$ cat final36.cif   # mmCIF, C-alpha atoms
data_entry
loop_
_atom_site.label_atom_id
_atom_site.label_comp_id
_atom_site.auth_asym_id
_atom_site.auth_seq_id
_atom_site.Cartn_x
_atom_site.Cartn_y
_atom_site.Cartn_z
CA MET A 1 128.34 34.40 128.49
CA THR A 2 124.73 33.31 128.19
CA ALA A 3 123.61 30.43 126.01
CA ARG A 4 122.02 32.91 123.61
CA HIS A 5 125.22 34.89 123.20
CA ARG A 6 127.23 31.67 122.87
CA GLY A 7 124.92 30.51 120.10
CA ARG A 8 125.30 33.82 118.26
CA SER A 9 129.08 33.61 118.58
CA ILE A 10 129.13 30.06 117.21
CA LEU A 11 126.82 31.02 114.33
CA LEU A 12 128.92 34.09 113.47
CA THR A 13 132.18 32.12 113.64
CA SER A 14 130.73 29.38 111.45
CA GLY A 15 129.53 31.91 108.90
CA LEU A 16 132.91 33.62 108.79
CA ALA A 17 134.63 30.25 108.41
CA ILE A 18 132.41 29.38 105.44
CA VAL A 19 133.09 32.75 103.77
CA LEU A 20 136.83 32.39 104.39
CA ALA A 21 136.83 28.90 102.92
CA ALA A 22 134.93 30.11 99.84
CA VAL A 23 137.55 32.83 99.31
CA VAL A 24 140.68 30.81 100.09
CA LEU A 25 139.88 27.46 98.45
CA PRO A 26 140.05 28.72 94.82
CA PHE A 27 143.49 30.22 95.47
CA TYR A 28 144.62 27.01 97.17
CA TRP A 29 143.36 24.97 94.22
CA VAL A 30 145.31 27.15 91.77
CA MET A 31 148.50 26.64 93.79
CA VAL A 32 147.94 22.88 93.99
CA GLY A 33 146.93 22.55 90.33
CA ALA A 34 150.12 24.37 89.28
CA THR A 35 152.12 21.43 90.63
CA HIS A 36 150.22 18.73 88.69
CA SER A 37 149.91 17.72 85.06
CA SER A 38 146.69 18.21 83.11
CA SER A 39 145.78 14.52 83.40
CA GLU A 40 146.25 14.61 87.18
CA ILE A 41 144.17 17.76 87.54
CA PHE A 42 141.11 15.99 86.10
CA ASN A 43 141.43 12.90 88.28
CA ASN A 44 138.41 11.88 90.28
CA PRO A 45 138.75 12.79 93.10
CA PRO A 46 141.00 15.75 92.21
CA PRO A 47 144.37 16.07 93.98
CA LEU A 48 144.29 18.15 97.14
CA LEU A 49 148.02 18.08 97.93
CA PRO A 50 150.94 19.55 95.92
CA GLY A 51 152.50 17.30 93.31
CA GLY A 52 155.86 17.17 91.58
CA HIS A 53 155.02 18.61 88.15
CA LEU A 54 155.70 22.31 88.85
CA GLY A 55 159.08 22.38 87.10
CA ALA A 56 157.68 20.73 83.96
CA ASN A 57 154.74 23.18 83.91
CA LEU A 58 157.07 26.17 84.18
CA ARG A 59 159.28 24.82 81.38
CA THR A 60 156.23 24.33 79.16
CA LEU A 61 155.10 27.84 80.02
CA GLN A 62 158.47 29.29 79.06
CA GLU A 63 158.71 27.31 75.81
CA THR A 64 155.20 28.03 74.58
CA ALA A 65 154.53 31.55 75.88
CA HIS A 66 158.00 33.03 76.64
CA PHE A 67 156.70 33.55 80.15
CA GLY A 68 159.83 35.23 81.51
CA GLN A 69 159.64 37.97 78.89
CA VAL A 70 155.87 38.23 79.29
CA LEU A 71 156.26 38.67 83.06
CA LEU A 72 158.78 41.48 82.53
CA ASN A 73 156.42 43.11 80.00
CA SER A 74 153.54 43.09 82.46
CA LEU A 75 155.69 44.41 85.30
CA LEU A 76 157.04 47.25 83.17
CA ILE A 77 153.63 48.25 81.85
CA ALA A 78 151.92 47.98 85.25
CA VAL A 79 154.61 49.93 87.14
CA VAL A 80 154.87 52.73 84.57
CA TYR A 81 151.08 52.95 84.29
CA THR A 82 150.62 53.05 88.07
CA LEU A 83 153.15 55.87 88.47
CA CYS A 84 151.85 57.96 85.56
CA ALA A 85 148.15 57.37 86.17
CA GLY A 86 148.64 57.94 89.90
CA ALA A 87 150.20 61.35 89.20
CA VAL A 88 147.43 62.30 86.76
CA CYS A 89 144.58 61.15 89.02
CA THR A 90 146.10 62.80 92.11
CA LEU A 91 146.68 66.15 90.42
CA ALA A 92 143.26 66.10 88.78
CA GLY A 93 141.56 65.16 92.05
CA TYR A 94 143.38 67.98 93.82
CA GLY A 95 142.32 70.45 91.15
CA PHE A 96 138.66 69.44 91.32
CA ALA A 97 138.65 69.43 95.13
CA LYS A 98 140.51 72.65 95.99
CA TYR A 99 140.41 75.01 93.01
CA ARG A 100 137.42 77.11 91.99
CA PHE A 101 137.11 77.66 88.26
CA ARG A 102 134.32 78.20 85.78
CA GLY A 103 132.65 74.99 84.66
CA ARG A 104 134.18 72.86 87.40
CA GLU A 105 131.01 70.99 88.34
CA PRO A 106 129.82 70.31 84.76
CA LEU A 107 133.34 69.16 83.81
CA PHE A 108 133.49 66.83 86.80
CA GLY A 109 130.04 65.47 85.97
CA LEU A 110 131.14 64.86 82.38
CA LEU A 111 134.21 63.05 83.67
CA MET A 112 132.06 60.86 85.90
CA LEU A 113 130.14 59.67 82.85
CA GLY A 114 133.22 57.54 82.21
CA LEU A 115 132.15 55.40 85.17
CA VAL A 116 128.89 54.38 83.49
CA ILE A 117 130.02 54.13 79.85
CA PRO A 118 131.19 50.56 79.05
CA ALA A 119 134.85 50.40 78.10
CA GLN A 120 133.96 48.31 75.03
CA VAL A 121 132.27 51.35 73.48
CA THR A 122 135.62 53.17 73.22
CA LEU A 123 137.65 50.30 71.75
CA VAL A 124 137.13 51.16 68.08
CA PRO A 125 137.90 54.92 68.31
CA LEU A 126 140.88 54.23 70.57
CA PHE A 127 142.22 51.66 68.12
CA GLN A 128 141.87 54.16 65.28
CA MET A 129 143.75 56.76 67.31
CA MET A 130 146.57 54.33 68.07
CA ALA A 131 146.79 53.38 64.39
CA GLU A 132 147.00 57.03 63.31
CA LEU A 133 149.72 57.65 65.89
CA GLN A 134 151.53 54.49 64.69
CA TRP A 135 151.53 53.18 68.25
CA LEU A 136 150.14 49.72 67.55
CA ASN A 137 152.19 46.94 69.14
CA THR A 138 153.88 49.40 71.51
CA TYR A 139 153.72 49.76 75.28
CA GLN A 140 152.57 53.38 75.12
CA ALA A 141 149.44 52.19 73.31
CA VAL A 142 148.59 50.11 76.38
CA ILE A 143 149.55 52.76 78.94
CA MET A 144 148.40 56.11 77.57
CA PRO A 145 144.63 55.77 76.87
CA ASN A 146 143.59 55.14 80.49
CA LEU A 147 145.89 57.49 82.39
CA ALA A 148 143.03 59.81 83.42
CA LEU A 149 140.96 57.02 84.96
CA PRO A 150 137.60 58.42 86.15
CA PHE A 151 137.44 56.26 89.27
CA GLY A 152 140.98 57.25 90.30
CA ILE A 153 140.17 60.95 89.89
CA PHE A 154 136.92 60.52 91.83
CA LEU A 155 138.73 58.68 94.63
CA MET A 156 141.39 61.36 95.05
CA ARG A 157 138.90 64.19 94.71
CA GLN A 158 136.77 62.78 97.52
CA ALA A 159 139.82 62.22 99.72
CA MET A 160 141.22 65.71 99.16
CA ALA A 161 137.88 67.39 99.68
CA SER A 162 138.22 66.54 103.39
CA LEU A 163 141.53 68.42 103.63
CA PRO A 164 140.96 71.74 105.48
CA ASP A 165 141.32 74.83 103.30
CA GLU A 166 142.91 76.61 106.26
CA LEU A 167 145.87 74.23 106.03
CA LEU A 168 146.46 75.23 102.41
CA ASP A 169 146.05 78.92 103.21
CA ALA A 170 148.63 78.61 106.01
CA GLY A 171 151.08 77.05 103.58
CA ARG A 172 150.57 79.84 101.05
CA ILE A 173 151.06 82.48 103.77
CA ASP A 174 154.37 80.79 104.68
CA GLY A 175 155.52 81.26 101.10
CA CYS A 176 154.89 77.83 99.58
CA GLY A 177 154.42 77.75 95.83
CA GLU A 178 151.62 75.62 94.45
CA LEU A 179 153.83 72.64 93.55
CA ARG A 180 155.64 72.72 96.88
CA LEU A 181 152.31 73.10 98.67
CA PHE A 182 151.00 70.04 96.85
CA TRP A 183 154.13 67.99 97.62
CA LYS A 184 154.73 69.06 101.25
CA VAL A 185 151.25 69.81 102.58
CA VAL A 186 148.66 67.96 100.51
CA LEU A 187 150.28 64.59 99.82
CA PRO A 188 151.42 63.51 103.34
CA PRO A 189 147.86 63.28 104.80
CA MET A 190 146.73 61.50 101.63
CA ARG A 191 148.91 58.41 102.11
CA PRO A 192 146.00 56.02 102.81
CA ALA A 193 144.13 57.26 99.73
CA LEU A 194 147.34 57.05 97.67
CA ALA A 195 147.86 53.47 98.85
CA ALA A 196 144.31 52.55 97.81
CA LEU A 197 144.81 54.28 94.45
CA THR A 198 148.11 52.50 93.86
CA ILE A 199 146.60 49.09 94.59
CA PHE A 200 143.62 49.78 92.33
CA LEU A 201 145.69 51.11 89.41
CA PHE A 202 148.24 48.28 89.57
CA LEU A 203 145.57 45.58 89.66
CA TYR A 204 143.57 47.33 86.95
CA GLN A 205 146.51 47.32 84.54
CA TRP A 206 147.92 43.96 85.62
CA ASN A 207 144.62 42.17 84.96
CA ASP A 208 143.63 44.09 81.82
CA PHE A 209 142.97 41.71 78.95
CA ILE A 210 140.85 43.20 76.16
CA TRP A 211 142.90 46.31 75.32
CA PRO A 212 146.36 44.62 75.32
CA LEU A 213 144.86 41.82 73.23
CA ILE A 214 143.81 44.38 70.60
CA VAL A 215 146.93 46.55 70.36
CA LEU A 216 149.75 44.09 71.07
CA ARG A 217 150.50 41.76 68.17
CA ASP A 218 154.02 40.46 68.72
CA SER A 219 154.12 37.34 70.93
CA ALA A 220 157.23 38.68 72.70
CA SER A 221 155.42 41.86 73.80
CA LEU A 222 152.26 40.30 75.24
CA THR A 223 151.08 40.74 78.81
CA ILE A 224 150.33 37.85 81.18
CA PRO A 225 146.52 37.66 80.70
CA VAL A 226 146.89 37.62 76.91
CA ALA A 227 149.75 35.11 76.98
CA LEU A 228 147.85 32.74 79.26
CA ALA A 229 144.75 32.98 77.07
CA SER A 230 146.87 32.05 74.04
CA LEU A 231 147.67 28.68 75.67
CA GLN A 232 144.07 27.54 75.33
CA GLY A 233 143.91 25.47 72.16
CA LEU A 234 140.98 24.02 70.28
CA ASP A 235 142.11 20.41 70.67
CA ASP A 236 144.57 20.38 73.55
CA THR A 237 145.06 22.71 76.50
CA ASP A 238 147.81 22.32 79.09
CA TYR A 239 145.89 23.34 82.20
CA GLY A 240 148.87 22.60 84.42
CA ALA A 241 150.93 25.24 82.62
CA ILE A 242 148.03 27.71 82.70
CA LEU A 243 147.58 27.24 86.45
CA ALA A 244 151.34 27.60 86.97
CA GLY A 245 151.26 30.89 85.06
CA THR A 246 148.21 32.05 87.01
CA ALA A 247 149.93 31.26 90.31
CA ALA A 248 153.07 33.12 89.21
CA ALA A 249 150.99 36.09 88.06
CA ALA A 250 149.39 36.36 91.51
CA ILE A 251 152.74 36.90 93.25
CA PRO A 252 153.34 40.55 92.17
CA MET A 253 149.75 41.45 93.08
CA ALA A 254 150.22 39.96 96.54
CA ILE A 255 153.52 41.83 96.98
CA VAL A 256 151.92 45.17 96.08
CA PHE A 257 149.02 44.63 98.46
CA LEU A 258 151.23 43.46 101.34
CA ALA A 259 153.57 46.42 100.84
CA LEU A 260 150.72 48.93 101.02
CA GLN A 261 148.25 47.22 103.32
CA ARG A 262 149.43 49.05 106.45
CA GLN A 263 148.70 52.46 104.92
CA PHE A 264 145.47 51.19 103.39
CA VAL A 265 144.13 49.59 106.58
CA SER A 266 145.20 52.55 108.73
CA GLY A 267 143.20 54.84 106.46
CA LEU A 268 140.12 52.64 106.78
CA LEU A 269 140.48 52.49 110.56
CA ALA A 270 141.00 56.25 110.79
CA GLY A 271 137.84 56.83 108.77
CA ALA A 272 135.89 54.41 110.95
CA VAL A 273 137.13 56.08 114.16
CA LYS A 274 136.36 59.53 112.76
CA GLU A 275 132.83 58.51 111.93
#
$ encode --input "final36.cif" --output "structure tokens"
Amino acid sequence: MTARHRGRSILLTSGLAIVLAAVVLPFYWVMVGATHSSSEIFNNPPPLLPGGHLGANLRTLQETAHFGQVLLNSLLIAVVYTLCAGAVCTLAGYGFAKYRFRGREPLFGLLMLGLVIPAQVTLVPLFQMMAELQWLNTYQAVIMPNLALPFGIFLMRQAMASLPDELLDAGRIDGCGELRLFWKVVLPPMRPALAALTIFLFLYQWNDFIWPLIVLRDSASLTIPVALASLQGLDDTDYGAILAGTAAAAIPMAIVFLALQRQFVSGLLAGAVKE
């Protein structure tokens, strides 16, 4: 290796190390801060090693925010939303990609407008709809409005557009009905796209704050982002408890990503090799 190549390698490695540190350090600080009290967190210099206050922070979190119930609420809402929205987005993407019908392109273009319209614009009409349906302070009010997520439909439509039409025709010739064709022929090659969609939908619902804040009113039915925000007081805020809740809230997201990363990464690698 020449000196020039060695210098490039050192520069690239140093740059990657800086980027990695910038990404990892905030997560490390959250984990460390969760084990300290609020007074210790604001020490100068701040603590860089885990402390012994994690149990007290978790007890405070449970007493003030009913964190166990809140965690179950978020898990239930996120799992049900991911399953239902995943089915809707996958079926809609398949329809837009492989079926020819009048007005398909204008309808898809109208749907894509949802990607550029701010979500805040729809809050008032959605709230009025939930009130008329008497769904306020219910889980279906959180789940139902965003089932047909424009980005999810776009993602699946683009993935399914690459599926050969001859494969579908062969399935129909063999006697497959449309639902069986979708289940047996279309879905298996779409596993990487489905993994990406699942990760996106779960994180989207898990981290959603504004809409659950508006429609959920009972403290026992709140989701994690809303419950953690409620711990911030005007005079006193227990940052140790908030960081403990934030660290606990990151665990399900990490589990979902780790469970699906093989399919997700294999899809990215397959696309890169194909290109």
$ closest_residue --input "final36.cif" --among "A:Leu91, A:Ala97, A:Ile41, A:Ala229" --to "Pro164 of chain A" --atoms "all atoms listed in the file"
A:Ala97
$ atom_distance --input "final36.cif" --atom1 "atom CA of Val116 of chain A" --atom2 "atom CA of Pro150 of chain A"
10.0 Å
$ resolve_selection --input "final36.cif" --expression "the PyMOL selection byres ((chain A and resi 147) around 9)" --output "list in words"
Tyr81, Thr82, Cys84, Ala85, Gly86, Ala87, Val88, Cys89, Ile143, Met144, Pro145, Asn146, Ala148 and Leu149 of chain A
$ atom_distance --input "final36.cif" --atom1 "atom CA of Thr198 of chain A" --atom2 "atom CA of Leu115 of chain A"
18.4 Å
$ closest_residue --input "final36.cif" --among "A:Leu197, A:Leu216, A:Val32, A:Leu25" --to "Pro50 of chain A" --atoms "all atoms listed in the file"
A:Val32
$ resolve_selection --input "final36.cif" --expression "the PyMOL selection byres ((chain A and resi 123) around 12)" --output "ChimeraX atom specification"
/A:117-122,124-130,142,145-146,210-215
$ resolve_selection --input "final36.cif" --expression "the PyMOL selection byres ((chain A and resi 203) around 10)" --output "VMD selection string"
chain A and resid 78 82 197 to 202 204 to 208 252 to 253 256 to 257
$ closest_residue --input "final36.cif" --among "A:Gln158, A:Val23, A:Gly55, A:Asp169" --to "Ser37 of chain A" --atoms "all atoms listed in the file"
A:Gly55
$ residues_around --input "final36.cif" --residues "Ala92 of chain A" --least-positions-apart "6" --cutoff "9 Å" --atoms "all atoms listed in the file" --output "ChimeraX atom specification"
/A:148,153-154,156-157
$ residues_around --input "final36.cif" --residues "Ser39 of chain A" --least-positions-apart "2" --cutoff "10 Å" --atoms "all atoms listed in the file" --output "MDAnalysis selection string"
chainID A and resid 36:37 41:43 238:240
$ atom_distance --input "final36.cif" --atom1 "atom CA of Leu72 of chain A" --atom2 "atom CA of Ile251 of chain A"
13.1 Å
$ closest_residue --input "final36.cif" --among "A:Ala195, A:Leu11, A:Ala141, A:Leu136" --to "Leu258 of chain A" --atoms "all atoms listed in the file"
A:Ala195
$ residues_around --input "final36.cif" --residues "Phe108 of chain A" --least-positions-apart "4" --cutoff "9 Å" --atoms "all atoms listed in the file" --output "number ranges by chain"
A: 96, 103-104, 112-113, 154
$ residues_near_point --input "final36.cif" --point "(150.2, 71.7, 108.7)" --cutoff "10 Å" --atoms "only C-alpha atoms" --output "list in words"
Pro164, Glu166, Leu167, Leu168, Asp169, Ala170, Gly171, Lys184, Val185, Val186, Pro188 and Pro189 of chain A
$ closest_residue --input "final36.cif" --among "A:Asn73, A:Ser14, A:Ser9, A:Ser38" --to "Ser219 of chain A" --atoms "only C-alpha atoms"
A:Asn73
$ closest_residue --input "final36.cif" --among "A:His53, A:Ser162, A:Pro192, A:Gln140" --to "Glu40 of chain A" --atoms "all atoms listed in the file"
A:His53
$ residues_around --input "final36.cif" --residues "Leu231 of chain A" --least-positions-apart "3" --cutoff "9 Å" --atoms "all atoms listed in the file" --output "list of chain:residue names"
A:Leu61, A:Thr64, A:Ala65, A:Ala227, A:Leu228, A:Thr237, A:Asp238, A:Tyr239, A:Ala241, A:Ile242
